[in-house]
>>> print(open('data_13.tsv').read())   # TSV, C-alpha atoms
chain	number	residue	atom	x	y	z
A	1	MET	CA	19.52	-2.04	4.17
A	2	GLN	CA	20.51	-2.33	0.55
A	3	SER	CA	22.58	0.49	-0.90
A	4	PRO	CA	20.72	2.61	-3.44
A	5	ASP	CA	21.78	2.47	-7.07
A	6	VAL	CA	24.07	5.48	-7.50
A	7	SER	CA	23.34	5.76	-11.23
A	8	GLY	CA	20.19	7.76	-10.56
A	9	THR	CA	18.70	10.74	-12.31
A	10	THR	CA	19.89	14.33	-11.98
A	11	GLY	CA	18.13	16.70	-9.59
A	12	PRO	CA	17.54	20.44	-10.02
A	13	ASP	CA	20.92	21.24	-8.45
A	14	GLY	CA	22.73	18.95	-10.90
A	15	ALA	CA	23.44	16.29	-8.30
A	16	SER	CA	22.63	12.64	-8.95
A	17	VAL	CA	19.50	11.31	-7.24
A	18	PRO	CA	20.02	7.66	-6.22
A	19	VAL	CA	17.53	5.13	-7.55
A	20	VAL	CA	15.62	3.30	-4.80
A	21	ASP	CA	13.23	0.36	-4.87
A	22	VAL	CA	10.10	2.35	-4.02
A	23	VAL	CA	9.27	6.06	-3.93
A	24	CYS	CA	6.15	6.92	-1.89
A	25	LEU	CA	4.43	10.30	-2.17
A	26	GLY	CA	1.74	11.52	0.21
A	27	GLU	CA	0.89	13.26	3.45
A	28	SER	CA	2.00	11.93	6.80
A	29	MET	CA	0.63	13.36	10.04
A	30	VAL	CA	1.45	13.21	13.70
A	31	THR	CA	-1.05	10.86	15.32
A	32	PHE	CA	-2.31	11.05	18.88
A	33	LEU	CA	-3.42	7.68	20.25
A	34	PRO	CA	-5.47	7.53	23.48
A	35	ARG	CA	-3.99	5.84	26.50
A	36	LEU	CA	-7.46	4.70	27.61
A	37	PRO	CA	-10.60	3.63	25.75
A	38	GLY	CA	-13.52	6.00	25.50
A	39	ARG	CA	-14.80	9.04	23.67
A	40	LEU	CA	-12.34	11.68	22.56
A	41	ALA	CA	-14.14	14.07	24.89
A	42	ASP	CA	-13.30	11.82	27.85
A	43	VAL	CA	-9.78	10.61	27.07
A	44	PRO	CA	-7.38	12.42	29.43
A	45	SER	CA	-4.07	11.77	27.64
A	46	PHE	CA	-2.58	10.56	24.38
A	47	ASP	CA	0.62	9.01	23.06
A	48	ARG	CA	2.26	10.49	19.99
A	49	ALA	CA	2.89	8.41	16.87
A	50	ILE	CA	3.00	8.95	13.11
A	51	GLY	CA	0.39	8.07	10.50
A	52	GLY	CA	0.19	8.27	6.74
A	53	ALA	CA	-0.64	5.61	4.18
A	54	GLU	CA	2.31	6.26	1.90
A	55	SER	CA	4.92	6.77	4.63
A	56	ASN	CA	3.61	3.59	6.30
A	57	VAL	CA	4.38	1.68	3.10
A	58	ALA	CA	7.83	3.26	2.84
A	59	CYS	CA	8.69	2.50	6.48
A	60	THR	CA	7.43	-1.07	6.33
A	61	LEU	CA	9.42	-1.83	3.18
A	62	ALA	CA	12.54	-0.20	4.60
A	63	ARG	CA	12.31	-2.32	7.74
A	64	THR	CA	12.80	-5.44	5.64
A	65	GLY	CA	15.76	-4.21	3.61
A	66	HIS	CA	14.20	-2.42	0.64
A	67	THR	CA	15.46	1.03	-0.26
A	68	THR	CA	12.66	3.59	-0.09
A	69	ARG	CA	12.10	7.33	-0.39
A	70	TRP	CA	9.24	9.39	1.04
A	71	ILE	CA	8.34	12.65	-0.71
A	72	SER	CA	5.98	15.19	0.81
A	73	ARG	CA	5.74	18.61	2.44
A	74	VAL	CA	5.72	19.32	6.17
A	75	GLY	CA	5.70	22.49	8.19
A	76	THR	CA	8.76	24.08	9.79
A	77	ASP	CA	7.22	23.20	13.15
A	78	GLY	CA	8.09	20.64	15.78
A	79	PHE	CA	5.61	18.14	14.38
A	80	GLY	CA	7.35	18.33	11.02
A	81	ASP	CA	10.67	17.73	12.76
A	82	HIS	CA	9.20	14.70	14.51
A	83	LEU	CA	7.84	13.20	11.29
A	84	LEU	CA	11.14	13.54	9.46
A	85	THR	CA	13.08	12.01	12.35
A	86	ALA	CA	10.67	9.12	12.93
A	87	ILE	CA	10.40	8.17	9.26
A	88	ALA	CA	14.15	8.50	8.69
A	89	ASP	CA	14.76	6.28	11.72
A	90	CYS	CA	12.90	3.51	9.86
A	91	GLY	CA	15.55	3.70	7.13
A	92	VAL	CA	13.60	5.85	4.65
A	93	ASP	CA	15.24	8.58	2.56
A	94	VAL	CA	13.50	11.86	3.55
A	95	THR	CA	15.98	14.27	1.97
A	96	HIS	CA	13.48	15.36	-0.69
A	97	VAL	CA	10.70	16.36	1.71
A	98	ARG	CA	10.03	20.09	1.40
A	99	ARG	CA	9.57	22.32	4.45
A	100	ASP	CA	6.79	24.92	4.35
A	101	PRO	CA	7.23	27.98	6.61
A	102	LEU	CA	3.66	29.17	6.03
A	103	ARG	CA	1.58	26.02	6.55
A	104	PRO	CA	1.48	23.57	9.48
A	105	THR	CA	2.10	19.86	9.63
A	106	GLY	CA	-1.17	17.92	9.81
A	107	VAL	CA	-2.19	16.12	13.00
A	108	TYR	CA	-5.06	13.86	13.99
A	109	PHE	CA	-6.57	12.22	17.06
A	110	ARG	CA	-8.43	8.92	17.17
A	111	THR	CA	-10.13	6.70	19.68
A	112	ALA	CA	-8.76	3.32	20.68
A	113	GLY	CA	-11.59	1.25	19.18
A	114	ASP	CA	-11.75	-0.44	15.81
A	115	ARG	CA	-12.46	2.15	13.09
A	116	ALA	CA	-15.15	-0.15	11.65
A	117	THR	CA	-17.39	0.36	14.69
A	118	ASP	CA	-19.90	3.18	15.21
A	119	THR	CA	-18.10	4.34	18.35
A	120	HIS	CA	-14.80	5.01	16.57
A	121	GLU	CA	-13.89	8.68	16.31
A	122	VAL	CA	-11.20	10.39	14.25
A	123	ALA	CA	-10.54	14.14	14.44
A	124	TYR	CA	-8.36	15.42	11.59
A	125	TYR	CA	-6.59	18.77	11.68
A	126	ARG	CA	-5.13	18.75	8.18
A	127	ALA	CA	-7.03	21.49	6.29
A	128	GLY	CA	-4.48	23.92	4.89
A	129	SER	CA	-1.60	21.66	5.86
A	130	ALA	CA	1.79	21.86	4.20
A	131	ALA	CA	1.11	18.62	2.32
A	132	SER	CA	-2.12	20.00	0.86
A	133	ALA	CA	0.00	22.53	-1.06
A	134	MET	CA	1.91	19.86	-3.01
A	135	THR	CA	2.09	20.55	-6.75
A	136	ALA	CA	3.94	18.97	-9.66
A	137	ASP	CA	6.11	22.09	-9.98
A	138	GLY	CA	6.86	22.22	-6.25
A	139	LEU	CA	8.41	18.75	-5.93
A	140	ASP	CA	11.69	17.28	-7.12
A	141	ALA	CA	10.70	15.50	-10.33
A	142	ALA	CA	14.01	13.62	-10.51
A	143	ALA	CA	13.53	12.20	-7.02
A	144	LEU	CA	10.00	11.10	-7.95
A	145	ARG	CA	11.23	9.27	-11.05
A	146	ALA	CA	14.23	7.66	-9.36
A	147	GLY	CA	12.41	4.60	-8.11
A	148	ARG	CA	11.63	1.22	-9.57
A	149	ILE	CA	8.10	1.70	-8.25
A	150	LEU	CA	6.26	4.96	-7.55
A	151	HIS	CA	3.52	4.39	-4.98
A	152	LEU	CA	0.58	6.79	-4.64
A	153	SER	CA	-2.71	6.85	-2.77
A	154	GLY	CA	-6.15	8.29	-3.42
A	155	ILE	CA	-5.95	10.12	-0.09
A	156	THR	CA	-3.66	12.69	-1.70
A	157	ALA	CA	-6.24	13.50	-4.37
A	158	ALA	CA	-8.73	14.58	-1.71
A	159	LEU	CA	-6.46	17.06	0.06
A	160	SER	CA	-6.76	19.97	-2.37
A	161	ALA	CA	-7.21	20.92	-6.02
A	162	ASP	CA	-3.41	21.23	-6.27
A	163	CYS	CA	-2.94	17.70	-4.94
A	164	LEU	CA	-5.53	16.34	-7.37
A	165	GLY	CA	-3.68	18.05	-10.21
A	166	LEU	CA	-0.44	16.48	-9.00
A	167	LEU	CA	-1.95	12.99	-9.07
A	168	ARG	CA	-3.43	13.58	-12.52
A	169	GLU	CA	0.05	14.52	-13.69
A	170	LEU	CA	1.72	11.49	-12.10
A	171	THR	CA	-0.87	8.95	-13.32
A	172	ALA	CA	-0.74	10.15	-16.93
A	173	ARG	CA	0.71	7.37	-19.05
A	174	ARG	CA	4.05	8.60	-20.38
A	175	PRO	CA	7.14	6.73	-21.63
A	176	GLY	CA	9.89	6.18	-19.10
A	177	ARG	CA	7.92	6.51	-15.89
A	178	PRO	CA	8.45	3.98	-13.08
A	179	LEU	CA	5.96	1.20	-12.46
A	180	LEU	CA	3.09	3.16	-10.94
A	181	SER	CA	1.31	1.65	-7.93
A	182	PHE	CA	-1.96	3.22	-6.75
A	183	ASP	CA	-3.87	2.35	-3.58
A	184	VAL	CA	-7.41	3.73	-3.90
A	185	ASN	CA	-7.67	4.28	-0.12
A	186	TYR	CA	-11.17	5.72	-0.26
A	187	ARG	CA	-11.92	7.69	2.90
A	188	PRO	CA	-15.59	8.78	3.10
A	189	GLY	CA	-14.70	11.61	5.46
A	190	LEU	CA	-12.50	13.17	2.78
A	191	TRP	CA	-15.10	12.80	0.01
A	192	ARG	CA	-18.31	14.37	1.30
A	193	ASP	CA	-19.83	14.04	-2.16
A	194	THR	CA	-19.46	10.46	-3.42
A	195	ALA	CA	-19.85	11.70	-6.98
A	196	ARG	CA	-16.49	13.44	-6.59
A	197	ALA	CA	-14.92	10.14	-5.54
A	198	ARG	CA	-15.40	8.93	-9.13
A	199	VAL	CA	-12.14	10.75	-9.83
A	200	LEU	CA	-10.38	7.92	-7.98
A	201	LEU	CA	-11.53	5.57	-10.72
A	202	ASP	CA	-9.98	7.82	-13.36
A	203	LEU	CA	-6.69	7.98	-11.45
A	204	ALA	CA	-6.63	4.21	-10.97
A	205	ARG	CA	-7.01	3.71	-14.72
A	206	GLY	CA	-3.68	5.44	-15.20
A	207	ALA	CA	-1.78	3.10	-12.87
A	208	ASP	CA	0.06	-0.14	-13.65
A	209	LEU	CA	-0.79	-1.78	-10.30
A	210	VAL	CA	-3.94	-0.94	-8.32
A	211	PHE	CA	-5.04	-1.92	-4.81
A	212	VAL	CA	-8.72	-1.51	-3.93
A	213	GLY	CA	-11.04	-3.05	-1.35
A	214	ASP	CA	-14.31	-4.46	-2.61
A	215	ASP	CA	-16.05	-2.40	0.10
A	216	GLU	CA	-14.32	0.76	-1.19
A	217	ALA	CA	-15.40	0.05	-4.75
A	218	ARG	CA	-18.96	-0.51	-3.60
A	219	ASP	CA	-19.16	2.66	-1.53
A	220	ALA	CA	-17.27	4.97	-3.89
A	221	TRP	CA	-18.28	3.63	-7.30
A	222	GLY	CA	-21.31	1.41	-6.79
A	223	LEU	CA	-19.43	-1.67	-8.02
A	224	HIS	CA	-20.12	-5.11	-6.55
A	225	GLY	CA	-17.60	-7.95	-6.67
A	226	PRO	CA	-14.08	-8.43	-8.08
A	227	ARG	CA	-15.22	-9.11	-11.68
A	228	ALA	CA	-17.28	-5.92	-11.81
A	229	ILE	CA	-14.31	-3.96	-10.46
A	230	ARG	CA	-12.04	-5.47	-13.10
A	231	ARG	CA	-14.46	-4.59	-15.89
A	232	ALA	CA	-14.45	-0.99	-14.63
A	233	LEU	CA	-10.63	-1.03	-14.41
A	234	PRO	CA	-9.34	-2.94	-17.44
A	235	GLU	CA	-6.25	-0.76	-17.94
A	236	PRO	CA	-3.96	-1.69	-15.00
A	237	GLN	CA	-1.67	-4.60	-15.69
A	238	LEU	CA	-2.29	-5.84	-12.15
A	239	LEU	CA	-5.45	-5.22	-10.13
A	240	VAL	CA	-5.58	-6.40	-6.52
A	241	VAL	CA	-9.08	-6.58	-5.03
A	242	LYS	CA	-9.04	-6.98	-1.24
A	243	GLN	CA	-12.05	-8.92	0.01
A	244	GLY	CA	-11.76	-8.40	3.75
A	245	ARG	CA	-11.67	-11.54	5.86
A	246	ALA	CA	-12.28	-13.72	2.80
A	247	GLY	CA	-8.97	-12.93	1.13
A	248	ALA	CA	-7.79	-11.12	-1.99
A	249	THR	CA	-7.80	-11.60	-5.75
A	250	VAL	CA	-5.22	-10.34	-8.21
A	251	PHE	CA	-6.13	-9.95	-11.87
A	252	ARG	CA	-3.26	-9.92	-14.37
A	253	ARG	CA	-3.65	-8.77	-17.94
A	254	THR	CA	-1.81	-11.30	-20.07
A	255	GLY	CA	-1.13	-9.12	-23.08
A	256	GLY	CA	1.38	-6.73	-21.50
A	257	PRO	CA	4.59	-6.59	-19.46
A	258	ASP	CA	5.03	-8.90	-16.51
A	259	PHE	CA	6.93	-6.41	-14.29
A	260	ARG	CA	9.43	-9.03	-13.22
A	261	ARG	CA	12.92	-8.19	-12.06
A	262	THR	CA	15.88	-10.53	-12.50
A	263	GLY	CA	18.92	-9.15	-10.75
A	264	GLU	CA	18.91	-5.43	-11.56
A	265	THR	CA	16.58	-5.65	-14.60
A	266	ASP	CA	14.31	-2.63	-14.89
A	267	LEU	CA	10.75	-3.49	-13.82
A	268	ARG	CA	9.31	-1.93	-16.95
A	269	ARG	CA	10.91	-4.52	-19.21
A	270	THR	CA	8.61	-7.20	-20.39
A	271	GLY	CA	8.26	-10.94	-20.08
A	272	GLU	CA	5.36	-13.26	-20.80
A	273	PRO	CA	3.54	-14.39	-17.67
A	274	ASP	CA	3.19	-18.08	-17.00
A	275	LEU	CA	-0.51	-18.95	-17.17
A	276	ARG	CA	0.08	-22.35	-15.60
A	277	ARG	CA	0.83	-21.12	-12.07
A	278	THR	CA	-0.99	-22.91	-9.29
A	279	GLY	CA	-4.15	-21.10	-8.31
A	280	GLU	CA	-4.46	-19.03	-11.48
A	281	THR	CA	-7.43	-19.26	-13.81
A	282	ASP	CA	-7.19	-18.28	-17.47
A	283	LEU	CA	-10.18	-15.96	-17.85
A	284	ARG	CA	-9.83	-15.38	-21.57
A	285	ARG	CA	-12.28	-18.20	-22.24
A	286	THR	CA	-14.85	-17.17	-19.69
A	287	GLY	CA	-15.82	-13.56	-20.29
A	288	GLY	CA	-18.16	-11.58	-18.07
A	289	PRO	CA	-21.95	-11.63	-17.98
A	290	ASP	CA	-22.03	-8.78	-20.52
A	291	GLY	CA	-20.14	-10.90	-23.04
A	292	HIS	CA	-16.87	-9.03	-22.59
A	293	ARG	CA	-13.84	-11.32	-23.10
A	294	ASP	CA	-11.39	-10.72	-20.27
A	295	ASP	CA	-7.75	-11.13	-21.28
A	296	ASP	CA	-6.84	-11.92	-17.67
A	297	THR	CA	-5.62	-14.50	-15.29
A	298	ALA	CA	-7.00	-14.35	-11.76
A	299	THR	CA	-5.47	-15.64	-8.54
A	300	PHE	CA	-7.31	-15.80	-5.22
A	301	VAL	CA	-5.62	-16.38	-1.86
A	302	PRO	CA	-7.65	-16.66	1.37
A	303	ALA	CA	-6.83	-14.37	4.26
A	304	LEU	CA	-5.20	-15.68	7.42
A	305	ASN	CA	-6.86	-16.34	10.78
A	306	VAL	CA	-5.66	-13.53	13.03
A	307	ASP	CA	-6.30	-12.51	16.63
A	308	LEU	CA	-7.13	-8.88	15.93
A	309	VAL	CA	-5.53	-6.19	18.11
A	310	ALA	CA	-6.14	-3.16	15.85
A	311	ALA	CA	-7.13	-2.88	12.20
A	312	THR	CA	-5.37	0.40	11.45
A	313	GLY	CA	-2.46	0.15	9.05
A	314	ALA	CA	-3.33	-3.30	7.73
A	315	GLY	CA	-4.10	-2.08	4.21
A	316	ASP	CA	-0.79	-0.25	3.99
A	317	ALA	CA	1.06	-3.31	5.27
A	318	PHE	CA	-0.71	-5.50	2.70
A	319	ALA	CA	0.37	-3.16	-0.10
A	320	ALA	CA	3.95	-3.15	1.20
A	321	GLY	CA	4.06	-6.96	1.32
A	322	PHE	CA	2.70	-7.24	-2.21
A	323	LEU	CA	5.16	-4.63	-3.50
A	324	SER	CA	8.06	-6.37	-1.80
A	325	ALA	CA	7.18	-9.63	-3.51
A	326	THR	CA	6.69	-7.79	-6.81
A	327	LEU	CA	10.18	-6.30	-6.59
A	328	ARG	CA	11.49	-9.82	-6.11
A	329	GLY	CA	9.60	-11.17	-9.13
A	330	LEU	CA	7.58	-13.71	-7.12
A	331	PRO	CA	4.48	-15.36	-8.64
A	332	ASP	CA	1.09	-13.79	-8.02
A	333	ARG	CA	0.04	-16.33	-5.38
A	334	ASP	CA	3.12	-15.54	-3.32
A	335	ARG	CA	2.63	-11.80	-3.78
A	336	LEU	CA	-0.83	-12.11	-2.25
A	337	ARG	CA	0.45	-14.35	0.54
A	338	HIS	CA	3.16	-11.86	1.44
A	339	GLY	CA	0.48	-9.15	1.46
A	340	HIS	CA	-1.62	-11.21	3.88
A	341	LEU	CA	1.39	-11.97	6.10
A	342	TRP	CA	2.48	-8.35	6.33
A	343	ALA	CA	-1.12	-7.30	7.01
A	344	ALA	CA	-1.28	-9.89	9.79
A	345	ALA	CA	1.77	-8.27	11.39
A	346	ALA	CA	-0.11	-4.94	11.48
A	347	LEU	CA	-3.34	-6.51	12.71
A	348	THR	CA	-1.65	-8.04	15.76
A	349	VAL	CA	-0.09	-4.82	17.13
A	350	PRO	CA	-1.87	-1.74	18.55
A	351	GLY	CA	-0.28	0.96	16.36
A	352	ASP	CA	-0.47	1.85	12.66
A	353	LEU	CA	3.03	0.64	11.88
A	354	ALA	CA	4.35	-2.88	12.48
A	355	THR	CA	7.58	-4.64	11.67
A	356	PRO	CA	6.76	-7.49	9.28
A	357	PRO	CA	8.25	-10.98	9.60
A	358	SER	CA	11.78	-11.46	8.38
A	359	ARG	CA	12.06	-12.19	4.68
A	360	PRO	CA	13.24	-15.83	5.12
A	361	TYR	CA	10.41	-16.55	7.57
A	362	ALA	CA	7.79	-14.93	5.37
A	363	ASP	CA	9.10	-16.90	2.39
A	364	ARG	CA	8.79	-20.17	4.32
A	365	LEU	CA	5.21	-19.40	5.31
A	366	ALA	CA	4.30	-18.24	1.80
A	367	ALA	CA	5.56	-21.57	0.44
A	368	LEU	CA	3.17	-23.68	2.59
A	369	ASP	CA	0.69	-25.88	0.81
A	370	ASP	CA	-2.93	-24.72	0.74
A	371	THR	CA	-4.00	-26.83	3.71
A	372	ALA	CA	-1.16	-25.60	5.93
A	373	TRP	CA	-1.77	-22.01	4.84
A	374	GLU	CA	-5.42	-22.16	5.82
A	375	ARG	CA	-4.46	-23.73	9.18
A	376	LEU	CA	-2.24	-20.83	10.23
A	377	HIS	CA	-3.56	-18.92	13.24
A	378	LEU	CA	-1.55	-15.83	14.09
A	379	GLY	CA	-1.58	-13.83	17.31
A	380	PRO	CA	0.47	-11.04	18.92
A	381	GLY	CA	4.18	-11.74	18.73
A	382	TRP	CA	3.90	-14.22	15.87
A	383	THR	CA	6.53	-12.42	13.79
A	384	ASP	CA	9.14	-13.51	16.37
A	385	ALA	CA	8.35	-17.20	15.81
A	386	ASP	CA	11.18	-17.63	13.33
A	387	VAL	CA	13.71	-17.21	16.14
A	388	SER	CA	11.88	-19.48	18.59
A	389	GLY	CA	12.64	-22.78	16.92
A	390	ARG	CA	9.18	-23.48	15.51
A	391	ARG	CA	8.91	-25.12	12.14
A	392	ALA	CA	7.34	-23.04	9.37
A	393	ASP	CA	4.79	-25.73	8.59
A	394	GLU	CA	3.40	-25.73	12.15
A	395	GLU	CA	0.42	-23.69	13.16
A	396	VAL	CA	1.67	-20.54	14.82
A	397	PRO	CA	-0.14	-20.45	18.18
A	398	THR	CA	-1.70	-17.36	19.62
A	399	GLN	CA	-0.48	-15.85	22.84
>>> encode(input="data_13.tsv", output="structure tokens")
Amino acid sequence: MQSPDVSGTTGPDGASVPVVDVVCLGESMVTFLPRLPGRLADVPSFDRAIGGAESNVACTLARTGHTTRWISRVGTDGFGDHLLTAIADCGVDVTHVRRDPLRPTGVYFRTAGDRATDTHEVAYYRAGSAASAMTADGLDAAALRAGRILHLSGITAALSADCLGLLRELTARRPGRPLLSFDVNYRPGLWRDTARARVLLDLARGADLVFVGDDEARDAWGLHGPRAIRRALPEPQLLVVKQGRAGATVFRRTGGPDFRRTGETDLRRTGEPDLRRTGETDLRRTGGPDGHRDDDTATFVPALNVDLVAATGAGDAFAAGFLSATLRGLPDRDRLRHGHLWAAAALTVPGDLATPPSRPYADRLAALDDTAWERLHLGPGWTDADVSGRRADEEVPTQ
């Protein structure tokens, strides 16, 4: 792992808080995964794992050499101990996680099937959890600021009124904040009233980089298609719309900072984006059907052909891949390709958390021409192909 920048901000005890690449804030829970398929009522035993959108992002980035910090609250119970140990073992800084002696660590159980099917069951036991008591005053503000990127998720906003207030505070546009990344992560089970889910749109407007699935935008906000989503979210400098098996589109506003990093340059410093990149369309001439003139470029990259093992964790892995490429200042096409590659690593393993391909191998695959990219077919174990002697321009066979 890289060593954190020791010139960080000062914490409440006067000590310096090291700057890391990405700070992730949100609830993580102990997950119980069934050893056999079937209904929860029939499954006789479970294996223990960890699950949480933001900690998944932190762990995945840390596994490829980025410095990351996870901030949250957990109980003073054994499950809290397990979470801290498991996430720290991935290389994540957990020293700013608060322990709550009055509230428990959240847990959940799920069935083995794909969550997109009608037979999939998830049983959450998170009401009144330690993480649901997070507030702006109850967290280390210096540790939150000491990251080049601060990554949040809409899941946190649904946990409690305090958590919603925390996200409102963090997404407020103020000078000096880190680049703010926000994954909408709409979960219908957490938003019984879809009208309340409109708050996710307000939070996303305060972010610099937003991830949202087109299915999420349709279900939560009644929006249909990437252009409609962009018109509803014109404020973020970068908007990534995930389009399922089709691929993903990133919209970039051309009038603001480019969020590049050269060496140790702060991500907030500006640079003019290059509108001539392969795959990008200058949308300033096109406008939407309502006559609005979009000051955007748009880049679409098709998804990869994958032999699906389990869909859980793929969205978090995609976000981690895109953030990794953003930290490295890669062009938008490559950011999307890294997102797809890291998602493919999660899709081809049974758990929520997968180790992505090595950085050199991912870079070689991301550099393929369009024909070779569309020919890739990835199956379980594909992330080990870089040590097996295969060429990067060959189709990676399934197993």
>>> atom_distance(input="data_13.tsv", atom1="CA of Leu159 in chain A", atom2="CA of Pro356 in chain A")
29.4 Å
>>> closest_atom_pairs(input="data_13.tsv", of="range 68-143 of chain A", to="range 17-40 of chain A", cutoff="9 Å", atoms="all atoms listed in the file", output="tab-separated table")
residue	atom	partner	partner_atom	distance
A:Thr68	CA	A:Val22	CA	4.9
A:Arg69	CA	A:Val23	CA	4.7
A:Trp70	CA	A:Cys24	CA	4.9
A:Ile71	CA	A:Leu25	CA	4.8
A:Ser72	CA	A:Gly26	CA	5.6
A:Arg73	CA	A:Glu27	CA	7.3
A:Val74	CA	A:Glu27	CA	8.2
A:Phe79	CA	A:Val30	CA	6.5
A:Gly80	CA	A:Val30	CA	8.3
A:His82	CA	A:Val30	CA	7.9
A:Leu83	CA	A:Val30	CA	6.8
A:Thr105	CA	A:Met29	CA	6.7
A:Gly106	CA	A:Met29	CA	4.9
A:Val107	CA	A:Val30	CA	4.7
A:Tyr108	CA	A:Thr31	CA	5.2
A:Phe109	CA	A:Phe32	CA	4.8
A:Arg110	CA	A:Leu33	CA	6.0
A:Thr111	CA	A:Pro34	CA	6.1
A:Ala112	CA	A:Pro37	CA	5.4
A:Gly113	CA	A:Pro37	CA	7.1
A:Thr119	CA	A:Arg39	CA	7.8
A:His120	CA	A:Arg39	CA	8.2
A:Glu121	CA	A:Leu40	CA	7.1
A:Val122	CA	A:Leu40	CA	8.5
A:Ala123	CA	A:Leu40	CA	8.7
A:Arg126	CA	A:Met29	CA	8.1
A:Ala130	CA	A:Glu27	CA	8.7
A:Ala131	CA	A:Glu27	CA	5.5
A:Ser132	CA	A:Glu27	CA	7.8
A:Met134	CA	A:Gly26	CA	8.9
A:Ala142	CA	A:Val17	CA	6.8
A:Ala143	CA	A:Val17	CA	6.0
>>> atom_distance(input="data_13.tsv", atom1="CA of Phe211 in chain A", atom2="CA of Ala367 in chain A")
22.9 Å
>>> atom_distance(input="data_13.tsv", atom1="CA of Ala314 in chain A", atom2="CA of Ala158 in chain A")
20.9 Å
>>> closest_residue(input="data_13.tsv", among="A:Ala372, A:Ile50, A:Ala88, A:Ala58", to="Ile149 in chain A", atoms="all atoms listed in the file")
A:Ala58
>>> closest_residue(input="data_13.tsv", among="A:Cys90, A:Ala49, A:Ala310, A:Val301", to="Arg337 in chain A", atoms="all atoms listed in the file")
A:Val301
>>> axis_aligned_box(input="data_13.tsv", around="range 371-376 of chain A", padding_each_side="3 Å", output="lines of an AutoDock Vina configuration file")
center_x = -3.3
center_y = -23.8
center_z = 7.0
size_x = 10.3
size_y = 12.0
size_z = 12.5
>>> closest_residue(input="data_13.tsv", among="A:Ala246, A:Leu180, A:Leu102, A:Leu376", to="Pro302 in chain A", atoms="all atoms listed in the file")
A:Ala246
>>> closest_residue(input="data_13.tsv", among="A:Gly247, A:Pro350, A:Gly51, A:Gly315", to="Ile87 in chain A", atoms="all atoms listed in the file")
A:Gly51
>>> closest_residue(input="data_13.tsv", among="A:Ala133, A:Leu347, A:Ala248, A:Leu84", to="Ala161 in chain A", atoms="all atoms listed in the file")
A:Ala133
>>> closest_residue(input="data_13.tsv", among="A:Thr76, A:Thr254, A:Gln243, A:Gln237", to="Arg98 in chain A", atoms="all atoms listed in the file")
A:Thr76
>>> residues_around(input="data_13.tsv", residues="Thr171 in chain A", least_positions_apart="4", cutoff="8 Å", atoms="all atoms listed in the file", output="list in words")
Leu167, Leu180, Leu203, Ala204, Gly206 and Ala207 of chain A
>>> residues_around(input="data_13.tsv", residues="Arg145 in chain A", least_positions_apart="2", cutoff="8 Å", atoms="only C-alpha atoms", output="list in words")
Thr9, Ala141, Ala142, Ala143, Gly147, Leu150, Arg177 and Pro178 of chain A
>>> write_last_selection(input="data_13.tsv", atoms="C-alpha atoms", output="CSV table (one decimal), in the coordinates of the input")
chain,number,residue,atom,x,y,z
A,9,THR,CA,18.7,10.7,-12.3
A,141,ALA,CA,10.7,15.5,-10.3
A,142,ALA,CA,14.0,13.6,-10.5
A,143,ALA,CA,13.5,12.2,-7.0
A,147,GLY,CA,12.4,4.6,-8.1
A,150,LEU,CA,6.3,5.0,-7.6
A,177,ARG,CA,7.9,6.5,-15.9
A,178,PRO,CA,8.4,4.0,-13.1
>>> decode(input="data_13.tsv", residues="range 92-108 of chain A", atoms="C-alpha atoms", output="short mmCIF file (atom, residue, chain, number, x, y, z; two decimals), in the first residue's frame")
data_model
loop_
_atom_site.label_atom_id
_atom_site.label_comp_id
_atom_site.auth_asym_id
_atom_site.auth_seq_id
_atom_site.Cartn_x
_atom_site.Cartn_y
_atom_site.Cartn_z
CA VAL A 92 -8.30 0.26 5.36
CA ASP A 93 -7.73 2.82 8.12
CA VAL A 94 -10.49 2.20 10.72
CA THR A 95 -9.03 4.26 13.56
CA HIS A 96 -11.78 6.89 13.29
CA VAL A 97 -14.70 4.47 13.65
CA ARG A 98 -16.63 5.27 16.83
CA ARG A 99 -17.80 2.54 19.21
CA ASP A 100 -21.31 2.83 20.66
CA PRO A 101 -21.94 1.06 24.00
CA LEU A 102 -25.71 1.57 23.79
CA ARG A 103 -26.55 0.47 20.24
CA PRO A 104 -25.77 -2.77 18.39
CA THR A 105 -23.89 -3.41 15.19
CA GLY A 106 -26.28 -4.08 12.30
CA VAL A 107 -26.57 -7.55 10.78
CA TYR A 108 -28.47 -9.04 7.86
#
